[in-house]
file run.tsv (TSV, C-alpha atoms)
chain	number	residue	atom	x	y	z
A	246	MET	CA	47.08	7.20	-14.57
A	247	PRO	CA	47.58	3.48	-13.70
A	248	GLU	CA	44.42	1.42	-13.77
A	249	SER	CA	44.65	0.35	-10.11
A	250	THR	CA	44.94	3.97	-8.99
A	251	GLN	CA	42.00	4.82	-11.17
A	252	ASP	CA	39.99	1.97	-9.65
A	253	ARG	CA	40.84	3.20	-6.20
A	254	LEU	CA	39.88	6.75	-7.14
A	255	LEU	CA	36.58	5.57	-8.53
A	256	ASP	CA	35.85	3.50	-5.42
A	257	GLN	CA	36.68	6.47	-3.27
A	258	LEU	CA	34.57	8.73	-5.41
A	259	LEU	CA	31.56	6.43	-5.34
A	260	GLU	CA	31.84	5.88	-1.61
A	261	TYR	CA	32.71	9.42	-0.84
A	262	GLY	CA	30.11	11.72	0.44
A	263	GLU	CA	29.65	14.10	3.26
A	264	GLU	CA	26.47	12.59	4.59
A	265	PRO	CA	23.68	15.10	4.74
A	266	GLN	CA	22.90	15.86	8.36
A	267	GLY	CA	20.65	18.34	10.02
A	268	ASP	CA	17.94	18.62	12.60
A	269	GLU	CA	15.91	20.78	10.27
A	270	PHE	CA	15.12	17.86	8.00
A	271	VAL	CA	14.06	15.68	10.94
A	272	LEU	CA	11.93	18.51	12.36
A	273	ASP	CA	10.25	19.01	8.98
A	274	VAL	CA	9.44	15.31	8.70
A	275	MET	CA	8.07	15.18	12.24
A	276	HIS	CA	6.03	18.33	11.63
A	277	ARG	CA	4.44	16.67	8.59
A	278	VAL	CA	3.85	13.49	10.57
A	279	ARG	CA	2.07	15.42	13.33
A	280	ARG	CA	0.02	17.35	10.78
A	281	GLU	CA	-1.05	14.11	9.14
A	282	GLN	CA	-1.86	12.64	12.53
A	283	GLY	CA	-4.03	15.67	13.31
A	284	ARG	CA	-5.80	15.41	9.96
A	285	ARG	CA	-6.45	11.73	10.61
A	286	LYS	CA	-8.01	12.53	13.98
A	287	VAL	CA	-10.22	15.23	12.46
A	288	ILE	CA	-11.42	12.85	9.73
A	289	LEU	CA	-12.04	10.15	12.30
A	290	PHE	CA	-13.94	12.58	14.52
A	291	VAL	CA	-16.08	13.93	11.67
A	292	PHE	CA	-16.95	10.47	10.37
A	293	GLY	CA	-17.51	9.22	13.91
A	294	LEU	CA	-19.88	12.12	14.52
A	295	ILE	CA	-21.76	11.50	11.28
A	296	GLY	CA	-21.99	7.83	12.16
A	297	ALA	CA	-23.26	8.65	15.64
A	298	LEU	CA	-25.88	11.05	14.22
A	299	PHE	CA	-27.09	8.46	11.74
A	300	GLY	CA	-27.14	5.89	14.49
A	301	LEU	CA	-29.13	8.18	16.74
A	302	THR	CA	-31.58	9.07	13.98
A	303	GLY	CA	-32.01	5.41	13.14
A	304	ALA	CA	-32.52	4.55	16.77
A	305	VAL	CA	-35.15	7.26	17.17
A	306	LEU	CA	-36.94	6.22	13.99
A	307	LEU	CA	-36.85	2.56	14.73
A	308	SER	CA	-37.37	2.67	18.46
A	309	GLU	CA	-41.16	2.50	18.19
A	310	PRO	CA	-41.34	-0.57	15.91
A	311	ILE	CA	-38.52	-2.28	17.79
A	312	ALA	CA	-40.17	-1.60	21.09
A	313	ARG	CA	-43.42	-2.95	19.76
A	314	ALA	CA	-41.64	-6.00	18.41
A	315	LEU	CA	-39.91	-6.65	21.67
A	316	ALA	CA	-43.19	-6.35	23.40
A	317	ASN	CA	-43.70	-3.64	25.88
A	318	LEU	CA	-40.09	-2.37	26.01
A	319	PRO	CA	-40.22	1.38	26.61
A	320	ALA	CA	-39.24	3.45	23.54
A	321	MET	CA	-36.93	5.63	25.57
A	322	GLY	CA	-35.02	2.60	26.87
A	323	THR	CA	-34.42	1.28	23.34
A	324	THR	CA	-33.18	4.69	22.23
A	325	GLN	CA	-30.77	4.77	25.13
A	326	VAL	CA	-29.44	1.30	24.31
A	327	ALA	CA	-28.98	2.19	20.63
A	328	LEU	CA	-27.27	5.42	21.55
A	329	PHE	CA	-25.00	3.59	23.96
A	330	VAL	CA	-24.01	1.02	21.31
A	331	VAL	CA	-23.26	3.69	18.68
A	332	ALA	CA	-21.27	5.75	21.17
A	333	ALA	CA	-19.31	2.65	22.25
A	334	VAL	CA	-18.42	1.82	18.64
A	335	ALA	CA	-17.39	5.42	17.92
A	336	THR	CA	-15.24	5.52	21.07
A	337	TYR	CA	-13.65	2.19	20.18
A	338	ALA	CA	-12.79	3.45	16.70
A	339	TRP	CA	-11.39	6.64	18.21
A	340	PHE	CA	-9.19	4.88	20.76
A	341	MET	CA	-7.99	2.20	18.40
A	342	ASN	CA	-7.06	4.96	15.99
A	343	GLU	CA	-8.13	2.94	12.97
A	344	ASP	CA	-5.80	3.69	10.11
A	345	ILE	CA	-7.36	5.62	7.28
A	346	ASP	CA	-5.29	5.79	4.14
A	347	LEU	CA	-5.26	9.41	3.06
A	348	THR	CA	-3.43	8.83	-0.18
A	349	VAL	CA	-5.33	9.44	-3.36
B	5	MET	CA	20.87	0.95	21.28
B	6	ILE	CA	17.31	0.08	20.40
B	7	SER	CA	17.04	-1.83	17.12
B	8	ASP	CA	15.15	-0.53	14.09
B	9	LEU	CA	12.77	-3.46	14.42
B	10	GLU	CA	11.86	-2.54	17.97
B	11	LEU	CA	11.41	1.13	17.12
B	12	ALA	CA	9.24	0.19	14.14
B	13	ALA	CA	7.17	-2.08	16.39
B	14	ARG	CA	6.63	0.83	18.80
B	15	VAL	CA	5.48	3.08	15.96
B	16	ALA	CA	3.16	0.40	14.60
B	17	GLY	CA	1.85	-0.68	17.99
B	18	SER	CA	1.37	2.53	19.90
B	19	ASN	CA	2.01	5.24	17.32
B	20	ASP	CA	5.12	6.28	19.24
B	21	GLN	CA	6.28	9.45	17.50
B	22	ALA	CA	9.50	9.65	19.49
B	23	ALA	CA	10.40	6.21	18.15
B	24	PHE	CA	9.66	7.33	14.62
B	25	GLN	CA	11.79	10.43	15.12
B	26	GLN	CA	14.68	8.18	16.14
B	27	LEU	CA	14.21	6.18	12.95
B	28	VAL	CA	14.23	9.37	10.87
B	29	GLU	CA	17.37	10.62	12.63
B	30	ARG	CA	19.07	7.28	12.07
B	31	HIS	CA	18.20	6.86	8.40
B	32	GLN	CA	17.94	10.37	7.02
B	33	ALA	CA	21.56	10.56	5.87
B	34	PRO	CA	21.61	7.41	3.69
B	35	ILE	CA	18.18	8.09	2.22
B	36	ARG	CA	18.94	11.71	1.40
B	37	GLY	CA	22.33	10.71	0.04
B	38	PHE	CA	20.78	7.99	-2.11
B	39	LEU	CA	18.20	10.36	-3.59
B	40	ARG	CA	20.78	13.10	-4.10
B	41	ARG	CA	22.81	10.70	-6.18
B	42	LEU	CA	19.81	9.44	-8.10
B	43	LEU	CA	18.90	13.03	-8.90
B	44	ALA	CA	22.51	13.80	-9.80
B	45	GLY	CA	22.96	16.53	-7.24
B	46	ASP	CA	19.49	18.16	-7.20
B	47	HIS	CA	19.53	18.49	-3.42
B	48	GLY	CA	16.24	20.36	-3.09
B	49	THR	CA	14.18	17.76	-4.96
B	50	ALA	CA	16.10	14.95	-3.29
B	51	ASP	CA	15.22	16.27	0.17
B	52	ASP	CA	11.56	16.72	-0.83
B	53	LEU	CA	11.44	13.10	-2.01
B	54	ALA	CA	13.24	11.99	1.15
B	55	GLN	CA	10.58	13.72	3.29
B	56	GLU	CA	7.87	12.03	1.25
B	57	THR	CA	9.70	8.71	1.71
B	58	PHE	CA	9.61	9.01	5.50
B	59	LEU	CA	5.97	10.10	5.47
B	60	ILE	CA	5.02	7.04	3.40
B	61	ALA	CA	7.10	4.88	5.75
B	62	TYR	CA	5.16	6.32	8.68
B	63	ARG	CA	1.84	5.49	7.02
B	64	LYS	CA	2.91	2.00	6.01
B	65	ILE	CA	4.95	0.97	9.02
B	66	PRO	CA	2.08	-1.10	10.53
B	67	GLY	CA	2.11	-3.22	7.36
B	68	TRP	CA	5.90	-3.67	7.22
B	69	LYS	CA	6.58	-7.38	7.36
B	70	ALA	CA	10.23	-7.01	8.45
B	71	GLU	CA	11.37	-9.43	5.76
B	72	GLY	CA	14.50	-7.41	5.03
B	73	THR	CA	16.23	-4.66	6.96
B	74	PHE	CA	14.45	-1.43	7.72
B	75	THR	CA	17.00	0.48	5.67
B	76	SER	CA	16.35	-1.71	2.57
B	77	TRP	CA	12.63	-1.07	2.98
B	78	LEU	CA	13.23	2.68	3.17
B	79	HIS	CA	15.48	2.53	0.11
B	80	THR	CA	12.70	0.68	-1.75
B	81	ILE	CA	10.23	3.43	-0.94
B	82	ALA	CA	12.78	6.10	-1.87
B	83	TYR	CA	13.53	4.41	-5.19
B	84	ARG	CA	9.81	4.21	-6.02
B	85	GLN	CA	9.42	7.86	-5.15
B	86	PHE	CA	12.27	8.63	-7.51
B	87	LEU	CA	10.71	6.56	-10.33
B	88	GLN	CA	7.37	8.28	-9.79
B	89	PHE	CA	9.06	11.68	-9.86
B	90	ARG	CA	10.92	10.76	-13.03
B	91	ARG	CA	7.69	9.60	-14.73
B	92	LYS	CA	5.94	12.84	-13.79
B	93	HIS	CA	8.75	15.02	-15.03
B	94	LYS	CA	9.77	13.04	-18.07
B	95	ARG	CA	8.35	15.59	-20.46
B	96	GLN	CA	10.10	18.46	-18.74
B	97	GLN	CA	13.48	16.76	-18.78
B	98	VAL	CA	16.18	18.65	-20.57
B	99	MET	CA	19.26	17.16	-22.12
B	100	ALA	CA	21.69	16.29	-19.36
B	101	GLU	CA	24.72	18.48	-19.10
B	102	PRO	CA	27.84	16.59	-20.20
B	103	PRO	CA	29.91	15.66	-17.14
B	104	ASP	CA	33.03	17.50	-18.20
B	105	ALA	CA	31.33	20.75	-19.15
B	106	GLY	CA	32.28	23.64	-16.97
B	107	PHE	CA	35.61	22.58	-15.60
B	108	ASP	CA	39.11	22.03	-16.73
B	109	PRO	CA	40.00	18.36	-17.26
B	110	GLY	CA	43.07	17.29	-15.39
B	111	GLN	CA	42.58	19.89	-12.74
B	112	ALA	CA	41.88	18.67	-9.22
B	113	VAL	CA	38.23	19.20	-8.44
B	114	ASP	CA	36.10	18.67	-5.41
B	115	ALA	CA	34.46	15.25	-5.34
B	116	GLU	CA	31.20	16.90	-4.29
B	117	ILE	CA	31.19	18.74	-7.61
B	118	LEU	CA	32.54	15.92	-9.71
B	119	LEU	CA	30.23	13.19	-8.48
B	120	PRO	CA	26.89	14.70	-9.54
B	121	ARG	CA	28.39	15.42	-12.95
B	122	LEU	CA	29.63	11.86	-13.23
B	123	MET	CA	26.24	10.55	-12.18
B	124	ARG	CA	24.69	12.28	-15.18
B	125	LEU	CA	26.92	10.16	-17.38
B	126	VAL	CA	25.15	6.93	-16.44
B	127	SER	CA	21.51	5.97	-16.78
B	128	ALA	CA	19.13	6.30	-13.83
B	129	ASP	CA	19.06	2.52	-13.27
B	130	GLU	CA	22.85	2.32	-13.42
B	131	ARG	CA	23.03	5.24	-10.99
B	132	ALA	CA	20.70	3.46	-8.57
B	133	CYS	CA	22.61	0.17	-8.75
B	134	LEU	CA	26.02	1.85	-8.41
B	135	THR	CA	24.90	3.96	-5.46
B	136	LEU	CA	23.28	1.05	-3.65
B	137	ALA	CA	26.32	-1.16	-4.23
B	138	TYR	CA	29.13	1.27	-3.49
B	139	ALA	CA	27.66	4.02	-1.30
B	140	ALA	CA	25.01	2.09	0.64
B	141	GLY	CA	27.13	-1.08	0.67
B	142	MET	CA	24.24	-3.35	-0.27
B	143	SER	CA	24.49	-6.85	-1.63
B	144	HIS	CA	23.21	-7.80	-5.09
B	145	PRO	CA	20.12	-9.60	-3.71
B	146	GLU	CA	19.30	-6.51	-1.65
B	147	ILE	CA	19.60	-4.32	-4.74
B	148	VAL	CA	17.33	-6.75	-6.61
B	149	ALA	CA	14.76	-6.42	-3.81
B	150	ILE	CA	14.94	-2.63	-3.83
B	151	THR	CA	14.92	-1.96	-7.55
B	152	GLY	CA	12.86	-4.93	-8.68
B	153	LEU	CA	15.38	-5.54	-11.48
B	154	PRO	CA	16.57	-9.08	-12.28
B	155	LEU	CA	19.91	-10.12	-10.75
B	156	GLY	CA	21.66	-10.26	-14.14
B	157	THR	CA	20.48	-6.76	-14.99
B	158	VAL	CA	21.69	-5.41	-11.64
B	159	LYS	CA	25.12	-6.95	-12.19
B	160	SER	CA	25.38	-5.61	-15.72
B	161	HIS	CA	24.21	-2.13	-14.62
B	162	ILE	CA	26.93	-2.07	-11.98
B	163	SER	CA	29.68	-3.24	-14.30
B	164	ARG	CA	28.58	-1.11	-17.28
B	165	GLY	CA	28.08	1.95	-15.10
B	166	ARG	CA	31.48	1.50	-13.56
B	167	GLN	CA	33.08	1.04	-16.96
B	168	LYS	CA	31.55	4.28	-18.20
B	169	LEU	CA	32.87	6.20	-15.21
B	170	GLN	CA	36.28	4.57	-15.46
B	171	GLN	CA	36.47	5.45	-19.13
B	172	TRP	CA	35.56	9.03	-18.44
B	173	LEU	CA	38.15	9.31	-15.66
B	174	LYS	CA	40.71	7.74	-17.96
B	175	ASP	CA	39.90	10.14	-20.79
B	176	ASN	CA	40.06	13.15	-18.53
B	177	ASP	CA	42.79	11.91	-16.19
B	178	HIS	CA	41.03	13.42	-13.19
B	179	SER	CA	42.21	13.76	-9.67
B	180	PHE	CA	39.89	15.07	-7.04
B	181	GLN	CA	39.93	16.41	-3.54
B	182	THR	CA	37.87	15.06	-0.72
B	183	ALA	CA	36.89	17.05	2.34
B	184	GLY	CA	39.07	14.83	4.48
B	185	PRO	CA	39.40	11.17	5.31
B	186	ASP	CA	36.12	9.44	5.93
B	187	PRO	CA	36.68	7.19	8.97
B	188	ALA	CA	33.83	4.87	8.02
B	189	SER	CA	35.24	4.42	4.55
B	190	GLU	CA	38.73	3.86	5.89
B	191	ALA	CA	37.47	1.25	8.30
B	192	ARG	CA	35.71	-0.56	5.46
B	193	HIS	CA	38.91	-0.63	3.42
B	194	ALA	CA	41.09	-1.73	6.35
call {"tool": "encode", "arguments": {"input": "run.tsv", "output": "structure tokens"}}
result
Amino acid sequence: MPESTQDRLLDQLLEYGEEPQGDEFVLDVMHRVRREQGRRKVILFVFGLIGALFGLTGAVLLSEPIARALANLPAMGTTQVALFVVAAVATYAWFMNEDIDLTV
Amino acid sequence: MISDLELAARVAGSNDQAAFQQLVERHQAPIRGFLRRLLAGDHGTADDLAQETFLIAYRKIPGWKAEGTFTSWLHTIAYRQFLQFRRKHKRQQVMAEPPDAGFDPGQAVDAEILLPRLMRLVSADERACLTLAYAAGMSHPEIVAITGLPLGTVKSHISRGRQKLQQWLKDNDHSFQTAGPDPASEARHA
């Protein structure tokens, strides 16, 4: 076989390829993306909840000394403010969808 | 048509899944084709790695700096996935089947059958460089960016890989059948 023909054949061979197509592949990828998105939300929710609980506990425990320190502020009012701040931070994290890297 | 950059910005900015789906639809063929060649025809593993590639792209898209094209970035991820896979399975690797085993030299064969066999004749790095250069139509600097190999090494992989394939075709005097003219390929040659 002449060399030029062989070159052409090789070019054709290297370029050749019925490109793999199929909706199934795309659907599989998108299914995995949605699953990961769901997992992310669950993790964010769980950690947000834990954070809120810790925040609430801290607020309850510290409300008395803080109230005393701030002179005559009612304990219940301080608890409410702390709770509001923690809830606002948790909501912010939730809406901003902070990226958590799930890779190990 | 919306550009890759814009779609990527939508995914990064507002987690637009429809935009990401468009990116997957647009790039699945070259990425799957690239991995199929790297894996010398192991379509199942290639598709698994391609799925993983897109999933990693989805996770990392907010950090993509858009320094090259989106397709080069995807190829980089795919190539790393392939290297990781190869490292994991190095111990399980069996001796590659010689490319001419199983069919009659000189007889016309389907390119789809011949190509994976030919790919086993060259090293994995040569395979990657040849595929990126000839199938994906990438420039040498782009191949350097994707593989992380020095420019000289990329050039020598391409020329040595090509020589090996040419030699084998010469020794076996092969002709092959394609499934029909590829309009994109014809346009490139025109």
call {"tool": "closest_residue", "arguments": {"input": "run.tsv", "among": "A:Gln251, A:Gln325, A:Gln282, A:Gln257", "to": "Thr302 (chain A)", "atoms": "all atoms listed in the file"}}
result
A:Gln325
call {"tool": "atom_distance", "arguments": {"input": "run.tsv", "atom1": "CA of Phe340 (chain A)", "atom2": "CA of Gly17 (chain B)"}}
result
12.7 Å
call {"tool": "atom_distance", "arguments": {"input": "run.tsv", "atom1": "CA of Ala333 (chain A)", "atom2": "CA of Ala16 (chain B)"}}
result
23.8 Å
call {"tool": "residues_near_point", "arguments": {"input": "run.tsv", "point": "(13.3, 0.1, -12.9)", "cutoff": "9 Å", "atoms": "all atoms listed in the file", "output": "NGL selection string"}}
result
:B and (83-84 or 87 or 128-129 or 151-153)
call {"tool": "write_last_selection", "arguments": {"input": "run.tsv", "atoms": "C-alpha atoms", "output": "mmCIF file, in the coordinates of the input"}}
result
data_model
loop_
_atom_site.group_PDB
_atom_site.id
_atom_site.type_symbol
_atom_site.label_atom_id
_atom_site.label_comp_id
_atom_site.auth_asym_id
_atom_site.auth_seq_id
_atom_site.Cartn_x
_atom_site.Cartn_y
_atom_site.Cartn_z
ATOM 1 C CA TYR B 83 13.530 4.410 -5.190
ATOM 2 C CA ARG B 84 9.810 4.210 -6.020
ATOM 3 C CA LEU B 87 10.710 6.560 -10.330
ATOM 4 C CA ALA B 128 19.130 6.300 -13.830
ATOM 5 C CA ASP B 129 19.060 2.520 -13.270
ATOM 6 C CA THR B 151 14.920 -1.960 -7.550
ATOM 7 C CA GLY B 152 12.860 -4.930 -8.680
ATOM 8 C CA LEU B 153 15.380 -5.540 -11.480
#
call {"tool": "closest_atom_pairs", "arguments": {"input": "run.tsv", "of": "chain B", "to": "chain A", "cutoff": "6 Å", "atoms": "only C-alpha atoms", "output": "Markdown table"}}
result
| residue | atom | partner | partner_atom | distance |
| --- | --- | --- | --- | --- |
| B:Ala33 | CA | A:Pro265 | CA | 5.1 |
| B:Gln55 | CA | A:Val274 | CA | 5.8 |
| B:Tyr138 | CA | A:Glu260 | CA | 5.7 |
| B:Ala139 | CA | A:Glu260 | CA | 4.6 |
call {"tool": "atom_distance", "arguments": {"input": "run.tsv", "atom1": "CA of Val126 (chain B)", "atom2": "CA of Thr57 (chain B)"}}
result
23.9 Å
call {"tool": "closest_residue", "arguments": {"input": "run.tsv", "among": "A:His276, A:Arg285, A:Val331, A:Thr324", "to": "Leu307 (chain A)", "atoms": "only C-alpha atoms"}}
result
A:Thr324
call {"tool": "residues_around", "arguments": {"input": "run.tsv", "residues": "His144 (chain B)", "least_positions_apart": "6", "cutoff": "9 Å", "atoms": "all atoms listed in the file", "output": "JSON, numbers by chain"}}
result
{"B": [133, 136, 137, 155, 158, 159]}
call {"tool": "write_last_selection", "arguments": {"input": "run.tsv", "atoms": "C-alpha atoms", "output": "short mmCIF file (atom, residue, chain, number, x, y, z; two decimals), in the frame of the given file"}}
result
data_model
loop_
_atom_site.label_atom_id
_atom_site.label_comp_id
_atom_site.auth_asym_id
_atom_site.auth_seq_id
_atom_site.Cartn_x
_atom_site.Cartn_y
_atom_site.Cartn_z
CA CYS B 133 22.61 0.17 -8.75
CA LEU B 136 23.28 1.05 -3.65
CA ALA B 137 26.32 -1.16 -4.23
CA LEU B 155 19.91 -10.12 -10.75
CA VAL B 158 21.69 -5.41 -11.64
CA LYS B 159 25.12 -6.95 -12.19
#
call {"tool": "closest_residue", "arguments": {"input": "run.tsv", "among": "A:Arg280, A:Lys286, A:Gly300, A:Gly293", "to": "Tyr337 (chain A)", "atoms": "all atoms listed in the file"}}
result
A:Gly293
call {"tool": "residues_around", "arguments": {"input": "run.tsv", "residues": "Gly322 (chain A)", "least_positions_apart": "2", "cutoff": "12 Å", "atoms": "all atoms listed in the file", "output": "PyMOL selection string"}}
result
chain A and resi 304-305+308-309+311-312+315+317-320+324-329
call {"tool": "write_last_selection", "arguments": {"input": "run.tsv", "atoms": "C-alpha atoms", "output": "PDB file, in the frame of the given file"}}
result
ATOM      1  CA  ALA A 304     -32.520   4.550  16.770  1.00  0.00           C
ATOM      2  CA  VAL A 305     -35.150   7.260  17.170  1.00  0.00           C
ATOM      3  CA  SER A 308     -37.370   2.670  18.460  1.00  0.00           C
ATOM      4  CA  GLU A 309     -41.160   2.500  18.190  1.00  0.00           C
ATOM      5  CA  ILE A 311     -38.520  -2.280  17.790  1.00  0.00           C
ATOM      6  CA  ALA A 312     -40.170  -1.600  21.090  1.00  0.00           C
ATOM      7  CA  LEU A 315     -39.910  -6.650  21.670  1.00  0.00           C
ATOM      8  CA  ASN A 317     -43.700  -3.640  25.880  1.00  0.00           C
ATOM      9  CA  LEU A 318     -40.090  -2.370  26.010  1.00  0.00           C
ATOM     10  CA  PRO A 319     -40.220   1.380  26.610  1.00  0.00           C
ATOM     11  CA  ALA A 320     -39.240   3.450  23.540  1.00  0.00           C
ATOM     12  CA  THR A 324     -33.180   4.690  22.230  1.00  0.00           C
ATOM     13  CA  GLN A 325     -30.770   4.770  25.130  1.00  0.00           C
ATOM     14  CA  VAL A 326     -29.440   1.300  24.310  1.00  0.00           C
ATOM     15  CA  ALA A 327     -28.980   2.190  20.630  1.00  0.00           C
ATOM     16  CA  LEU A 328     -27.270   5.420  21.550  1.00  0.00           C
ATOM     17  CA  PHE A 329     -25.000   3.590  23.960  1.00  0.00           C
TER      18      PHE A 329
END
call {"tool": "decode", "arguments": {"input": "run.tsv", "residues": "region 265-283 of chain A", "atoms": "C-alpha atoms", "output": "short mmCIF file (atom, residue, chain, number, x, y, z; two decimals), in the first residue's frame"}}
result
data_model
loop_
_atom_site.label_atom_id
_atom_site.label_comp_id
_atom_site.auth_asym_id
_atom_site.auth_seq_id
_atom_site.Cartn_x
_atom_site.Cartn_y
_atom_site.Cartn_z
CA PRO A 265 -21.56 7.93 21.33
CA GLN A 266 -24.98 9.49 21.71
CA GLY A 267 -27.90 8.74 23.93
CA ASP A 268 -30.31 10.37 26.30
CA GLU A 269 -29.79 7.58 28.78
CA PHE A 270 -26.29 8.76 29.61
CA VAL A 271 -27.46 12.35 30.11
CA LEU A 272 -30.38 11.17 32.27
CA ASP A 273 -28.03 9.07 34.39
CA VAL A 274 -25.69 12.01 34.93
CA MET A 275 -28.56 14.34 35.82
CA HIS A 276 -30.02 11.73 38.18
CA ARG A 277 -26.67 11.55 40.00
CA VAL A 278 -26.45 15.34 40.07
CA ARG A 279 -29.92 15.60 41.63
CA ARG A 280 -29.08 12.87 44.15
CA GLU A 281 -25.93 14.70 45.14
CA GLN A 282 -27.87 17.95 45.40
CA GLY A 283 -30.39 16.24 47.69
#
